[in-house]
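The file structure-v3.cif comes next; it holds mmCIF, C-alpha atoms.
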data_upload
#
loop_
_atom_site.label_atom_id
_atom_site.label_comp_id
_atom_site.auth_asym_id
_atom_site.auth_seq_id
_atom_site.Cartn_x
_atom_site.Cartn_y
_atom_site.Cartn_z
CA MET A 14 163.30 91.58 140.31
CA THR A 15 162.60 92.32 143.98
CA THR A 16 159.64 94.52 144.80
CA GLU A 17 159.87 97.51 147.10
CA THR A 18 159.61 96.40 150.72
CA VAL A 19 158.27 98.15 153.76
CA SER A 20 161.30 97.07 155.76
CA PRO A 21 164.52 95.19 154.86
CA ALA A 22 164.11 91.48 154.23
CA PRO A 23 164.99 89.67 157.47
CA LEU A 24 166.01 86.40 155.89
CA ASP A 25 168.76 85.41 153.51
CA ALA A 26 166.27 82.92 152.08
CA LEU A 27 164.43 85.82 150.42
CA ALA A 28 167.52 87.27 148.74
CA GLY A 29 166.95 87.65 145.03
CA GLN A 30 163.29 86.61 145.31
CA PRO A 31 160.31 88.95 144.74
CA HIS A 32 158.94 89.78 148.16
CA ALA A 33 157.31 92.43 150.31
CA ILE A 34 156.99 92.87 154.04
CA VAL A 35 153.94 94.55 155.53
CA GLU A 36 153.49 95.19 159.25
CA ARG A 37 149.93 95.73 160.40
CA ASP A 38 148.01 95.36 163.66
CA GLY A 39 151.04 93.85 165.38
CA VAL A 40 151.55 91.20 162.70
CA ARG A 41 154.51 91.05 160.32
CA TYR A 42 153.41 89.62 156.96
CA THR A 43 156.22 88.40 154.70
CA LEU A 44 154.86 88.02 151.17
CA LEU A 45 156.98 85.77 148.99
CA GLY A 46 156.23 86.02 145.28
CA THR A 47 156.86 82.81 143.38
CA ALA A 48 156.86 81.50 139.82
CA HIS A 49 154.57 78.47 139.65
CA VAL A 50 156.95 76.67 137.28
CA SER A 51 160.31 77.50 138.85
CA ARG A 52 162.65 75.27 140.85
CA ASP A 53 164.26 78.40 142.29
CA SER A 54 160.91 79.39 143.79
CA LEU A 55 160.46 75.87 145.17
CA ASP A 56 163.89 76.01 146.85
CA ALA A 57 163.25 79.53 148.19
CA VAL A 58 159.95 78.49 149.78
CA ARG A 59 161.52 75.51 151.52
CA ALA A 60 164.43 77.60 152.74
CA ALA A 61 162.13 80.32 154.09
CA VAL A 62 159.93 77.91 156.05
CA ASP A 63 162.91 75.95 157.34
CA THR A 64 164.45 79.06 158.94
CA GLY A 65 161.92 78.74 161.75
CA ALA A 66 161.30 82.50 161.64
CA PHE A 67 157.56 82.17 161.05
CA ASP A 68 154.74 80.96 163.28
CA ALA A 69 152.14 80.54 160.49
CA VAL A 70 152.16 79.91 156.74
CA SER A 71 149.52 80.98 154.21
CA VAL A 72 149.38 79.84 150.58
CA GLU A 73 147.61 80.97 147.42
CA LEU A 74 145.33 77.95 147.25
CA ASP A 75 141.73 77.05 147.98
CA THR A 76 140.58 73.69 149.35
CA GLN A 77 139.84 72.21 145.94
CA ARG A 78 143.21 73.12 144.38
CA MET A 79 145.06 72.00 147.51
CA GLN A 80 143.34 68.63 147.25
CA ALA A 81 144.21 68.41 143.55
CA LEU A 82 147.89 69.04 144.31
CA SER A 83 147.94 66.61 147.22
CA ASP A 84 145.86 63.88 145.59
CA PRO A 85 146.39 63.39 141.82
CA ASP A 86 143.15 61.39 141.60
CA ALA A 87 140.99 63.99 143.40
CA LEU A 88 138.98 64.86 140.28
CA ALA A 89 138.27 61.21 139.66
CA LYS A 90 136.63 60.82 143.07
CA LEU A 91 133.80 63.20 142.28
CA ASP A 92 130.27 61.83 142.04
CA LEU A 93 129.66 62.38 138.33
CA VAL A 94 125.89 61.91 138.59
CA LYS A 95 125.75 64.57 141.31
CA VAL A 96 127.93 66.90 139.23
CA ILE A 97 125.52 66.63 136.29
CA ARG A 98 122.32 66.90 138.34
CA GLU A 99 123.60 70.03 140.11
CA GLY A 100 124.52 71.67 136.80
CA LYS A 101 128.24 71.71 137.55
CA ALA A 102 129.37 69.84 134.44
CA ALA A 103 130.79 73.02 132.86
CA LEU A 104 132.80 73.78 136.01
CA PHE A 105 134.02 70.19 136.09
CA ALA A 106 135.11 70.56 132.45
CA ALA A 107 136.99 73.77 133.29
CA ASN A 108 138.78 72.01 136.15
CA LEU A 109 139.67 69.13 133.84
CA GLY A 110 141.05 71.60 131.33
CA LEU A 111 143.10 73.38 134.01
CA ALA A 112 144.46 70.05 135.24
CA ALA A 113 145.39 69.09 131.67
CA TYR A 114 147.17 72.43 131.15
CA GLN A 115 149.14 71.90 134.36
CA ARG A 116 150.03 68.35 133.39
CA ARG A 117 151.31 69.54 130.01
CA LEU A 118 153.50 72.11 131.75
CA ALA A 119 154.80 69.50 134.18
CA GLU A 120 155.80 67.14 131.38
CA GLN A 121 157.49 69.92 129.43
CA LEU A 122 159.34 71.60 132.31
CA GLY A 123 159.90 68.69 134.69
CA ILE A 124 158.16 70.41 137.61
CA GLU A 125 154.52 70.30 138.68
CA PRO A 126 152.93 73.78 138.48
CA GLY A 127 152.18 74.93 142.00
CA ALA A 128 154.75 72.59 143.54
CA GLU A 129 156.10 75.47 145.64
CA LEU A 130 152.64 76.06 147.15
CA LYS A 131 152.31 72.40 148.09
CA ALA A 132 155.87 72.43 149.49
CA ALA A 133 155.05 75.46 151.66
CA ALA A 134 152.09 73.63 153.19
CA ASP A 135 154.02 70.36 153.63
CA GLU A 136 157.05 72.05 155.23
CA ALA A 137 154.81 74.05 157.58
CA ARG A 138 152.89 70.96 158.70
CA ALA A 139 156.16 69.13 159.30
CA ARG A 140 157.04 71.91 161.75
CA ASP A 141 153.55 71.87 163.34
CA LEU A 142 152.83 75.37 162.01
CA PRO A 143 149.29 76.50 161.16
CA VAL A 144 148.59 76.42 157.42
CA HIS A 145 145.96 78.72 155.94
CA LEU A 146 144.50 78.49 152.44
CA ILE A 147 143.78 82.10 151.52
CA ASP A 148 142.68 82.04 147.88
CA ARG A 149 139.04 82.19 146.82
CA GLU A 150 137.40 78.94 145.75
CA VAL A 151 138.08 78.48 142.05
CA GLY A 152 134.42 77.66 141.34
CA VAL A 153 133.34 81.04 142.76
CA THR A 154 135.91 82.78 140.58
CA PHE A 155 134.62 81.00 137.46
CA ARG A 156 130.99 81.83 138.32
CA ARG A 157 131.77 85.50 138.95
CA ILE A 158 133.63 85.65 135.64
CA SER A 159 130.60 84.17 133.86
CA ALA A 160 128.27 86.66 135.55
CA ARG A 161 130.37 89.65 134.48
CA LEU A 162 130.81 88.67 130.86
CA GLY A 163 128.06 89.14 128.32
CA PHE A 164 126.68 86.33 126.19
CA PHE A 165 129.23 86.76 123.43
CA GLY A 166 132.00 87.20 125.99
CA ARG A 167 131.12 83.83 127.49
CA ILE A 168 131.13 82.25 124.02
CA ARG A 169 134.61 83.67 123.34
CA LEU A 170 135.81 82.53 126.73
CA VAL A 171 134.58 78.95 126.34
CA SER A 172 135.85 78.65 122.77
CA GLY A 173 139.23 80.04 123.80
CA LEU A 174 139.48 77.62 126.72
CA LEU A 175 138.54 74.62 124.60
CA THR A 176 140.93 75.60 121.83
CA GLY A 177 143.84 76.21 124.19
CA LEU A 178 143.29 73.25 126.44
CA LEU A 179 142.48 70.56 123.89
CA VAL A 180 145.38 71.26 121.54
CA ASP A 181 148.22 68.88 122.24
CA ASP A 182 151.04 71.36 121.65
CA GLU A 183 153.98 72.40 123.77
CA VAL A 184 153.48 75.55 125.80
CA GLY A 185 155.33 78.43 124.11
CA GLU A 186 158.33 80.20 125.62
CA ASP A 187 156.46 83.51 125.86
CA GLU A 188 153.62 81.84 127.73
CA ILE A 189 156.05 80.20 130.14
CA GLU A 190 157.78 83.52 130.83
CA ASN A 191 154.41 85.20 131.45
CA LEU A 192 153.48 82.38 133.79
CA LYS A 193 156.68 82.89 135.80
CA GLN A 194 155.60 86.47 136.46
CA GLY A 195 151.85 85.99 136.58
CA ASP A 196 149.09 83.71 137.77
CA MET A 197 148.15 80.10 136.91
CA LEU A 198 144.45 80.80 136.39
CA GLU A 199 145.18 83.88 134.28
CA ALA A 200 147.60 81.90 132.10
CA SER A 201 145.01 79.17 131.50
CA PHE A 202 142.66 81.75 129.92
CA GLY A 203 145.37 82.85 127.49
CA GLU A 204 145.09 86.05 125.46
CA PHE A 205 141.43 86.54 126.38
CA ALA A 206 142.47 87.49 129.94
CA LYS A 207 144.58 90.37 128.63
CA GLN A 208 141.82 91.65 126.35
CA SER A 209 139.00 91.60 128.89
CA PRO A 210 139.15 94.10 131.80
CA ALA A 211 136.25 92.32 133.53
CA LEU A 212 138.05 88.99 133.35
CA TYR A 213 141.34 90.42 134.58
CA ASP A 214 139.61 92.23 137.44
CA THR A 215 137.88 89.03 138.62
CA LEU A 216 140.93 86.81 138.14
CA ILE A 217 143.57 89.05 139.68
CA ASP A 218 142.39 92.20 141.46
CA GLU A 219 139.46 90.62 143.30
CA ARG A 220 141.67 87.77 144.46
CA ASP A 221 144.30 90.26 145.67
CA GLN A 222 141.62 91.85 147.83
CA TYR A 223 140.32 88.47 148.95
CA MET A 224 143.73 87.09 149.94
CA ALA A 225 144.66 90.29 151.79
CA SER A 226 141.46 90.01 153.82
CA ARG A 227 142.00 86.29 154.44
CA LEU A 228 145.51 87.02 155.73
CA ARG A 229 144.12 89.49 158.25
CA GLU A 230 141.24 87.18 159.17
CA THR A 231 143.37 84.05 159.74
CA SER A 232 146.43 85.52 161.45
CA GLY A 233 145.09 84.65 164.89
CA GLU A 234 147.85 84.61 167.51
CA ALA A 235 150.62 84.53 164.91
CA ARG A 236 152.99 87.50 164.79
CA ASN A 237 155.19 86.46 161.87
CA VAL A 238 153.25 85.11 158.89
CA LEU A 239 154.76 83.84 155.65
CA ALA A 240 152.42 84.14 152.66
CA VAL A 241 153.43 82.27 149.49
CA VAL A 242 151.67 83.69 146.43
CA GLY A 243 152.23 83.95 142.69
CA ALA A 244 154.48 86.85 141.70
CA GLY A 245 151.61 88.41 139.75
CA HIS A 246 149.68 88.97 142.98
CA LEU A 247 152.54 90.42 145.03
CA GLN A 248 152.12 94.15 144.51
CA GLY A 249 148.32 94.17 144.62
CA LEU A 250 148.22 91.95 147.68
CA ALA A 251 150.73 94.16 149.53
CA ARG A 252 148.73 97.27 148.65
CA TYR A 253 145.41 95.91 149.90
CA LEU A 254 147.06 94.50 153.00
CA ARG A 255 148.39 97.96 153.84
CA GLU A 256 145.40 100.08 152.83
CA GLU A 257 142.15 98.08 153.23
CA THR A 258 140.18 99.33 156.25
CA ARG A 259 136.95 97.33 155.95
CA ASP A 260 136.24 94.29 158.10
CA PRO A 261 138.07 91.35 156.46
CA ARG A 262 135.15 88.96 156.83
CA ALA A 263 132.79 91.44 155.16
CA VAL A 264 135.21 91.82 152.23
CA CYS A 265 135.42 88.05 151.76
CA GLU A 266 131.64 87.67 151.91
CA GLU A 267 131.23 90.39 149.29
CA LEU A 268 133.78 88.77 146.95
CA ASP A 269 132.30 85.30 147.51
CA PHE A 270 128.83 86.45 146.49
CA VAL A 271 127.49 85.20 143.17
CA ARG A 272 124.11 86.46 142.13
CA LYS A 273 121.79 83.51 141.67
CA LYS A 274 120.04 83.17 138.39
CA LYS A 275 116.35 83.92 138.56
CA ARG A 276 114.16 80.85 138.55
CA LEU A 277 112.31 82.32 135.57
CA PRO A 278 114.83 84.52 133.76
CA TRP A 279 113.54 87.10 131.32
CA PHE A 280 115.14 85.35 128.34
CA THR A 281 113.36 82.07 129.07
CA MET A 282 110.09 83.91 129.62
CA ALA A 283 110.52 85.76 126.34
CA ILE A 284 111.30 82.58 124.41
CA THR A 285 108.35 80.76 125.98
CA THR A 286 106.00 83.63 125.15
CA LEU A 287 107.35 83.84 121.62
CA VAL A 288 107.01 80.11 120.95
CA LEU A 289 103.59 79.58 122.51
CA GLY A 290 102.23 82.89 121.30
CA GLY A 291 103.63 82.44 117.79
CA ILE A 292 102.33 78.92 117.38
CA ALA A 293 98.93 79.83 118.88
CA TRP A 294 98.73 82.86 116.58
CA GLY A 295 99.60 80.62 113.65
CA PHE A 296 96.74 78.21 114.42
CA TRP A 297 94.31 81.08 115.01
CA ARG A 298 95.14 83.30 112.04
CA GLY A 299 96.55 80.83 109.54
CA GLY A 300 94.64 77.72 110.39
CA PHE A 301 95.90 74.27 111.17
CA ALA A 302 98.42 74.21 108.33
CA LEU A 303 100.38 77.30 109.49
CA GLY A 304 100.19 76.36 113.17
CA ALA A 305 101.41 72.83 112.48
CA ASP A 306 104.21 74.21 110.29
CA LEU A 307 105.42 76.55 113.06
CA LEU A 308 105.30 73.73 115.60
CA GLN A 309 107.23 71.49 113.24
CA GLN A 310 109.87 74.21 112.72
CA TRP A 311 110.38 74.50 116.48
CA ILE A 312 110.75 70.75 116.96
CA LEU A 313 113.04 70.28 113.98
CA PHE A 314 115.46 73.07 114.90
CA THR A 315 115.71 72.38 118.63
CA ALA A 316 115.64 68.59 118.51
CA GLY A 317 117.79 68.39 115.39
CA LEU A 318 120.60 70.64 116.63
CA ALA A 319 120.56 69.10 120.13
CA ALA A 320 120.92 65.68 118.50
CA LEU A 321 123.71 67.00 116.29
CA GLY A 322 125.57 68.36 119.31
CA CYS A 323 125.26 65.03 121.08
CA LEU A 324 126.38 63.22 117.94
CA LEU A 325 129.47 65.44 117.68
CA ALA A 326 130.24 64.53 121.29
CA GLY A 327 130.28 60.85 120.33
CA GLY A 328 127.06 60.16 122.23
CA HIS A 329 125.32 56.80 122.29
CA PRO A 330 122.17 56.61 120.08
CA LEU A 331 120.01 56.55 123.22
CA SER A 332 121.77 59.69 124.50
CA ILE A 333 121.13 61.40 121.17
CA LEU A 334 117.46 60.42 121.38
CA ALA A 335 117.17 61.70 124.96
CA GLY A 336 118.67 65.07 124.02
CA ALA A 337 116.41 65.36 120.97
CA ILE A 338 113.27 64.64 123.02
CA ALA A 339 114.22 67.04 125.81
CA ALA A 340 115.31 69.98 123.63
CA PRO A 341 111.89 71.13 122.30
CA LEU A 342 110.58 71.21 125.88
CA LYS A 343 113.30 73.63 127.07
CA PRO A 344 111.01 76.69 127.53
CA PHE A 345 108.72 74.64 129.79
CA ARG A 346 111.43 73.43 132.18
CA PRO A 347 113.57 76.49 133.03
CA GLY A 348 116.88 75.67 134.69
CA VAL A 349 116.91 72.05 133.49
CA PRO A 350 119.18 71.79 130.41
CA SER A 351 118.58 69.16 127.75
CA GLY A 352 122.24 68.21 128.05
CA MET A 353 121.51 66.90 131.53
CA PHE A 354 119.17 64.23 130.15
CA SER A 355 121.52 63.11 127.38
CA ALA A 356 124.54 63.08 129.74
CA LEU A 357 122.71 61.00 132.36
CA VAL A 358 121.64 58.50 129.69
CA GLU A 359 125.22 58.40 128.36
CA LEU A 360 126.46 57.75 131.89
CA ARG A 361 123.94 54.95 132.26
CA VAL A 362 124.56 53.11 128.99
CA ARG A 363 128.34 53.68 128.90
CA LYS A 364 129.23 53.57 132.56
CA PRO A 365 132.84 54.72 133.08
CA ALA A 366 135.26 52.07 134.32
CA TYR A 367 137.76 52.57 137.12
CA GLY A 368 140.49 52.93 134.50
CA ASP A 369 138.68 55.92 132.95
CA PHE A 370 138.93 57.78 136.24
CA LEU A 371 142.58 56.88 136.68
CA ALA A 372 143.40 58.08 133.14
CA LEU A 373 141.24 61.21 133.37
CA ARG A 374 144.03 63.75 133.85
CA ASP A 375 146.13 62.33 131.01
CA ASP A 376 143.22 61.88 128.60
CA ALA A 377 141.98 65.44 129.23
CA GLN A 378 145.18 66.77 127.59
CA THR A 379 144.07 65.92 124.05
CA LEU A 380 140.90 66.09 122.00
CA ARG A 381 141.23 62.39 121.19
CA GLY A 382 141.49 61.65 124.90
CA TRP A 383 138.23 63.48 125.61
CA TYR A 384 136.46 61.12 123.21
CA ARG A 385 138.31 58.01 124.39
CA ASN A 386 137.70 58.57 128.10
CA ARG A 387 134.10 57.83 129.12
CA VAL A 388 134.13 60.33 131.99
CA ALA A 389 135.32 63.18 129.78
CA ARG A 390 132.93 62.17 127.00
CA VAL A 391 129.94 62.44 129.34
CA VAL A 392 130.99 66.03 130.12
CA LEU A 393 131.50 66.76 126.42
CA ASN A 394 128.04 65.29 125.77
CA PHE A 395 126.50 67.67 128.30
CA ILE A 396 128.23 70.75 126.85
CA LEU A 397 127.68 70.12 123.13
CA THR A 398 124.05 69.00 123.55
CA ASN A 399 123.29 72.22 125.43
CA LEU A 400 125.15 74.25 122.82
CA GLY A 401 123.12 72.64 120.04
CA THR A 402 119.88 73.26 121.92
CA GLY A 403 120.74 76.92 122.47
CA ILE A 404 121.49 77.49 118.80
CA GLY A 405 118.31 75.65 117.86
CA VAL A 406 116.19 77.87 120.13
CA TRP A 407 117.61 81.02 118.55
CA LEU A 408 117.13 79.77 114.99
CA ALA A 409 113.64 78.41 115.64
CA GLY A 410 112.53 81.63 117.33
CA ALA A 411 113.81 83.67 114.39
CA ARG A 412 112.11 81.30 111.95
CA ILE A 413 108.76 81.56 113.72
CA VAL A 414 108.94 85.37 113.78
CA GLY A 415 109.85 85.42 110.11
CA LYS A 416 106.93 83.18 109.19
CA LEU A 417 104.47 85.30 111.13
CA ILE A 418 105.75 88.55 109.62
CA ALA A 419 105.59 87.10 106.13
#
Re-express the file's structure as structure tokens.
Amino acid sequence: MTTETVSPAPLDALAGQPHAIVERDGVRYTLLGTAHVSRDSLDAVRAAVDTGAFDAVSVELDTQRMQALSDPDALAKLDLVKVIREGKAALFAANLGLAAYQRRLAEQLGIEPGAELKAAADEARARDLPVHLIDREVGVTFRRISARLGFFGRIRLVSGLLTGLLVDDEVGEDEIENLKQGDMLEASFGEFAKQSPALYDTLIDERDQYMASRLRETSGEARNVLAVVGAGHLQGLARYLREETRDPRAVCEELDFVRKKKRLPWFTMAITTLVLGGIAWGFWRGGFALGADLLQQWILFTAGLAALGCLLAGGHPLSILAGAIAAPLKPFRPGVPSGMFSALVELRVRKPAYGDFLALRDDAQTLRGWYRNRVARVVLNFILTNLGTGIGVWLAGARIVGKLIA
């Protein structure tokens, strides 16, 4: 179904394809909406670029996703120690899951998701045309999503991602049809994206605004720009390209902004006060026996559940020990998760081999693969140890309060 255009489509290559043409500030933007899993879209993109009617090409990609499409082993080249130390293990896991989802689609449909975006860039470079990556960095999108969702929303999101991405099933026909009309990132979040206005707004509407501003910002001397985007972005992108009046750079800076977590967040301060105050009160009012009991409860819950999380991740005994030792100290080292210690120990004692990196994309498609692959298992170790610690903190805090009230 072709969208309403501002002027008639100038190229036969666009016939039958969703598209819109917007003229602004002396630049003619031809927006070609594609299905990320369609050979027809791939052929249409190549035909449009090969007409020679455009002097610049823009694609719905950021640097990281462009690298992933161009280099199948891009994820494997990351410095895993740096990823863990910088607290980016969860983002790395999300990227692994997205890569696994795309690989599953490719095997089922015989075409790599996003192949038309890569083809647009390759064809443009072959003609010495400027290529602009106009989508927002996927890591920023994930962080803005996390910031907008509440605690329970984040739990639902993570559980939904893990369930959908670790199940080795074929992608359903309904999901494929939605993907042909929608967005790859939206599809990877499944039903949760449809049920959460905040998630949809960050995944789709914000990126429509961002890409419209990037188109205006990067047009340069070009007068005929071809923009290749997912069909789900076409109408919103055309609207913002026509109507947005703010400075494009200011819009991008606003949509790139992620509020940094406070070095001493209120929750950590509250937990620290509760633990120290509760245990101190126990020693003062109840004597050594009550104080020691409260301290023991804290250690048992936090250390025990952190160790259980690490055990469920298939962690080495030394990794389990490291997580158990670090967990009770969580309130006294804000911003440093216990999963970091267990993951770094796991990485040390079970150093991934070159073959683990090569097999990373394939192994990330199944739950068994996550346990078999040493790279993926380190990430799983980090996530489940932190999850166990978090649950332990909640339970221990509640236990201490209950003891004091009683």
Can you spell out as a ChimeraX atom specification the set of residues that the PyMOL selection byres ((chain A and resi 258) around 12) selects in the structure I just provided? /A:37-38,222,225-226,229,252-257,259-264
One number please: atom CA of Ile312 of chain A to atom CA of Gly100 of chain A, in Å, one decimal. 24.2 Å
Residue IDs satisfying the PyMOL selection byres ((chain A and resi 325) around 10), as a PyMOL selection string: chain A and resi 319-324+326-328+333+384+393-394+397-398+401
With C-alpha atoms kept, could you save the residues just selected as a PDB file, in the frame of the given file?
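Final file, selection-v9.pdb:
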ATOM      1  CA  ALA A 319     120.560  69.100 120.130  1.00  0.00           C
ATOM      2  CA  ALA A 320     120.920  65.680 118.500  1.00  0.00           C
ATOM      3  CA  LEU A 321     123.710  67.000 116.290  1.00  0.00           C
ATOM      4  CA  GLY A 322     125.570  68.360 119.310  1.00  0.00           C
ATOM      5  CA  CYS A 323     125.260  65.030 121.080  1.00  0.00           C
ATOM      6  CA  LEU A 324     126.380  63.220 117.940  1.00  0.00           C
ATOM      7  CA  ALA A 326     130.240  64.530 121.290  1.00  0.00           C
ATOM      8  CA  GLY A 327     130.280  60.850 120.330  1.00  0.00           C
ATOM      9  CA  GLY A 328     127.060  60.160 122.230  1.00  0.00           C
ATOM     10  CA  ILE A 333     121.130  61.400 121.170  1.00  0.00           C
ATOM     11  CA  TYR A 384     136.460  61.120 123.210  1.00  0.00           C
ATOM     12  CA  LEU A 393     131.500  66.760 126.420  1.00  0.00           C
ATOM     13  CA  ASN A 394     128.040  65.290 125.770  1.00  0.00           C
ATOM     14  CA  LEU A 397     127.680  70.120 123.130  1.00  0.00           C
ATOM     15  CA  THR A 398     124.050  69.000 123.550  1.00  0.00           C
ATOM     16  CA  GLY A 401     123.120  72.640 120.040  1.00  0.00           C
TER      17      GLY A 401
END
Can you list what the PyMOL selection byres ((chain A and resi 410) around 9) grabs from this structure, as a PyMOL selection string? chain A and resi 284+287-288+291+311+405-409+411-415
Restricted to C-alpha atoms, what would the selected residues look like written as a PDB file, keeping the file's coordinate frame?
ATOM      1  CA  ILE A 284     111.300  82.580 124.410  1.00  0.00           C
ATOM      2  CA  LEU A 287     107.350  83.840 121.620  1.00  0.00           C
ATOM      3  CA  VAL A 288     107.010  80.110 120.950  1.00  0.00           C
ATOM      4  CA  GLY A 291     103.630  82.440 117.790  1.00  0.00           C
ATOM      5  CA  TRP A 311     110.380  74.500 116.480  1.00  0.00           C
ATOM      6  CA  GLY A 405     118.310  75.650 117.860  1.00  0.00           C
ATOM      7  CA  VAL A 406     116.190  77.870 120.130  1.00  0.00           C
ATOM      8  CA  TRP A 407     117.610  81.020 118.550  1.00  0.00           C
ATOM      9  CA  LEU A 408     117.130  79.770 114.990  1.00  0.00           C
ATOM     10  CA  ALA A 409     113.640  78.410 115.640  1.00  0.00           C
ATOM     11  CA  ALA A 411     113.810  83.670 114.390  1.00  0.00           C
ATOM     12  CA  ARG A 412     112.110  81.300 111.950  1.00  0.00           C
ATOM     13  CA  ILE A 413     108.760  81.560 113.720  1.00  0.00           C
ATOM     14  CA  VAL A 414     108.940  85.370 113.780  1.00  0.00           C
ATOM     15  CA  GLY A 415     109.850  85.420 110.110  1.00  0.00           C
TER      16      GLY A 415
END
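The two atoms in question, atom CA of Arg220 of chain A and atom CA of Leu250 of chain A, are spaced 8.4 Å apart.
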Residues around (118.1, 60.7, 131.9), cut-off 10 Å, counting only C-alpha atoms - what are they as a list in words? Arg98, Leu331, Ser332, Ala335, Gly336, Ala339, Ser351, Gly352, Met353, Phe354, Ser355, Ala356, Leu357, Val358, Glu359, Leu360 and Arg361 of chain A
Here atom CA of Glu73 of chain A and atom CA of Ala251 of chain A stand apart by 13.7 Å
As a PyMOL selection string, please: the residues near Leu44 of chain A (cut-off 8 Å, all atoms listed in the file, same-chain neighbours under 6 positions excluded). chain A and resi 32-35+239-242+247+251
Between A:Ala81, A:Cys265, A:Leu212, A:Ala61, single out the one closest to Ala128 of chain A, counting all atoms listed in the file. A:Ala81
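Residue nearest Tyr213 of chain A within the list A:Ser71, A:Ala316, A:Glu230, A:Leu162: A:Leu162 [criterion: smallest interatomic distance, all atoms listed in the file].
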